[in-house]
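Colleague: Please see the structure below; I have some questions.
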Amino acid sequence: MEPSNCEQAHQTHRQPEEALSHDPEVLRVALIRERAERRRADGLAKMHMDVVKLALDLLVREPDIESFFGGLTKNMVEESDSHVCAVWLIDEAQQRCDMWMAYVVDRLYTQNSADWKSLTFPHEVLGSHLFAYAPGWSQTVEYQNDDPRLPDAVREFHRRAGVHGMVIAPLILGTRTLGWIKLSSRGIPECEEAQWWRVVLIEAIARQAALALHHSRLAGQNRLEERRKTILEERNRLARDIHDNLAQGFAAILMQLQAAQRESCRLAPAVAVKLETAVDLARMHMIEARRSVGTLRPNVSDGEDVAHALKRIADLARRTTSVPIEVSVDELPRFGDGVEREIIGIAQEALTNAVRHSRARRITLRASTARSIGFRLSVADDGRGIARERPDAGFGMTSMQERAERIGASLTIVTAPRSGTEVVLAWEPSSLPTQVHVAS
Ligand SMILES: Nc1ncnc2c1ncn2[C@@H]1O[C@H](COP(=O)(O)OP(=O)(O)OP(=O)(O)O)[C@@H](O)[C@H]1O
Ligand SMILES: [Mg+2]
């Protein structure tokens, strides 16, 4: 990927009158220019082919996207006579932009490498600048060392490190910008051609990089979806097992015990009490087993929206308790199958916990959406609160947390002794991680 000769470098527009001129000197200059332009076009075509070949070669050789970018940035530094090539990526929530990796002189630094923190470049400052600088979202930008467009911290760093200039190209996919790739050089380019070469090279590399990044993200999403499906299948299998064996088993025992109660009218009082206790135990465990099935398999019927499903699970819960369950559910939009399933799963577990553990006088289930805060689900009770030593007792809490994480929602559980418990799920694209507040 060699730049062509500096003498034939700079491209100017050919004057139409040149072609008509009979002056041999004018014609000679026009011919030289013509040849230089052809050479540049040939060089460009060859360079693009080389970059595609390099990208394909790296895709085959490197197992993951990080190593692929590592190879690209290394090549970039070596081919363009620069000393740093770094990559910034925009996060999934489209809120910020962070440096992802940097190839400096002869070493690759990634966010996971131990010496990442040793990089003194103000990358957070440049990340904010890239994210805010509108022209850079669609075009390559060339910066001088003391460029007034750059933040002070970057200019100061350039002065100290003797950086002559930077070229930054966006990683564009269709109309989306995924991030930026930056090339910094210490030396002054020996001629305009060398700088031109850097720009076209970084643009060609950026094109391949954006494509590879997109494909890797798609593959990642597919893997996640596969995992989600496997987990669902496993939950279904467990639910089926519990339903077919435990719940049905308890139902059969209950029937036998009740038949025994009916048929033997003259039982000793002590035996009658024991039989009554056995009936109660069998009934209780049958209900618990059915609840577990419901929690494992939220059972969002095809076409059933969240509002209907919430009302349905509240109705089901009412059949297992005498505690009043108040339901207030707004008309809700569709959120997509995967998200709805997790929301219902969380509501079901929170409601089951309230019924089973809270000893409340009242339980309320609320669901609403607002443009500013997104979807909000609250399951509250006025019971005894979650005991400090109990929150890890079962699978329910963990399962609610995992479900929330899967859809990128925030789950907050507020509880206080004798003041009840409220489980709040807030779902919007940029949610916070789970927080548990235990008030004393
Ligand atoms: N609303 C609530 N009020 C009082 N205590 C609660 C409430 N929710 C949960 N807890 C307490 O927290 C513990 C953990 O709840 P979790 O849902 O993880 O497990 P579980 O309900 O005991 O079992 P599982 O959900 O696996 O069937 C419960 O055992 C209970 O002691
Ligand atoms: Mg539970």
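As shown in the structure tokens, the chain order sets the letters A, B, ...; within each chain, residues go from 1, and ligands are also counted from 1 in the order they appear.
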To test your reading of the structure, identify every residue in stretch 172-390 of chain A that backbone DSSP assigns to helix (DSSP H, G or I), and report it as a PyMOL selection string.
Modeller: chain A and resi 192-263+269-296+306-318+337-357
Colleague: Excluding A:Ala350 and any residue of its chain fewer than 6 positions from it, enumerate the residues within 12 Å of it, using only C-alpha atoms, and give them as a PyMOL selection string.
Modeller: chain A and resi 291+294-295+310+313-314+317+343-344+356-358+363-366+377-381+395-401+411-413+421-425
Colleague: Looking at only C-alpha atoms, which of A:Arg406, A:Phe121, A:Tyr109, A:Ile346 is the one that sits closest to A:Glu156?
Modeller: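 Of A:Arg406, A:Phe121, A:Tyr109, A:Ile346, the one nearest A:Glu156, counting only C-alpha atoms, is A:Phe121.
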Colleague: Any idea what's packed within 12 Å of A:Gly249, counting only C-alpha atoms, ignoring anything in its chain fewer than 5 positions away? Could you give it as a short mmCIF file (atom, residue, chain, number, x, y, z; two decimals) with C-alpha atoms, in the first residue's frame?
Modeller:
data_model
loop_
_atom_site.label_atom_id
_atom_site.label_comp_id
_atom_site.auth_asym_id
_atom_site.auth_seq_id
_atom_site.Cartn_x
_atom_site.Cartn_y
_atom_site.Cartn_z
CA ASP A 241 -42.09 -31.63 35.44
CA ILE A 242 -43.44 -29.76 38.46
CA HIS A 243 -46.91 -29.70 37.00
CA ASP A 244 -47.01 -33.32 35.89
CA LEU A 254 -55.55 -34.74 48.34
CA MET A 255 -58.31 -36.65 46.57
CA GLN A 256 -57.39 -39.87 48.39
CA ALA A 282 -51.57 -31.61 50.60
CA ARG A 283 -53.75 -28.66 49.50
CA HIS A 285 -48.33 -27.91 48.61
CA MET A 286 -50.54 -28.42 45.58
CA ILE A 287 -51.17 -24.65 45.48
CA ALA A 289 -46.53 -26.34 43.13
CA ARG A 290 -49.06 -24.67 40.82
#
Colleague: Between A:Leu351, A:Ile205, A:Ile253, A:Val323, which one has atoms that come closest to ligand 2, using only C-alpha atoms and all ligand atoms?
Modeller: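 The closest residue to ligand 2 is A:Leu351.
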Colleague: Would you please work out which residue, of A:Glu142, A:Arg186, A:Phe131, A:Thr352, is nearest to A:Val163 when using only C-alpha atoms?
Modeller: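 Among A:Glu142, A:Arg186, A:Phe131, A:Thr352, it is A:Arg186 that comes nearest to A:Val163.
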Colleague: Can you work out which one of A:Cys85, A:Leu44, A:Ala426, A:Ala219 has the shortest atom-to-atom distance to A:Ala370, counting only C-alpha atoms?
Modeller: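 Closest candidate: A:Ala426.
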Colleague: For A:His123, please output as a PyMOL selection string all residues within 10 Å (counting only C-alpha atoms; exclusion window: fewer than 6 positions along the same chain).
Modeller: chain A and resi 86+88+97-100+129+153-154
Colleague: Generate a file of the selected residues that holds C-alpha atoms, formatted as a short mmCIF file (atom, residue, chain, number, x, y, z; two decimals), in the first residue's frame.
Modeller:
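part.cif written:
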data_model
loop_
_atom_site.label_atom_id
_atom_site.label_comp_id
_atom_site.auth_asym_id
_atom_site.auth_seq_id
_atom_site.Cartn_x
_atom_site.Cartn_y
_atom_site.Cartn_z
CA ALA A 86 -7.46 4.24 18.23
CA TRP A 88 -14.06 4.97 19.90
CA CYS A 97 -18.82 7.39 23.27
CA ASP A 98 -15.79 5.70 24.84
CA MET A 99 -12.38 4.68 23.60
CA TRP A 100 -12.42 0.92 22.99
CA HIS A 129 -15.98 15.90 21.58
CA ALA A 153 -7.05 18.94 27.16
CA VAL A 154 -6.42 17.30 23.76
#
Colleague: Find the residues around A:Gln208 up to 8 Å (only C-alpha atoms counted), leave out those fewer than 5 positions away in its own chain, and share them as a list of chain:residue names.
Modeller: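 The filter keeps A:Val51, A:Val52, A:Ala55.
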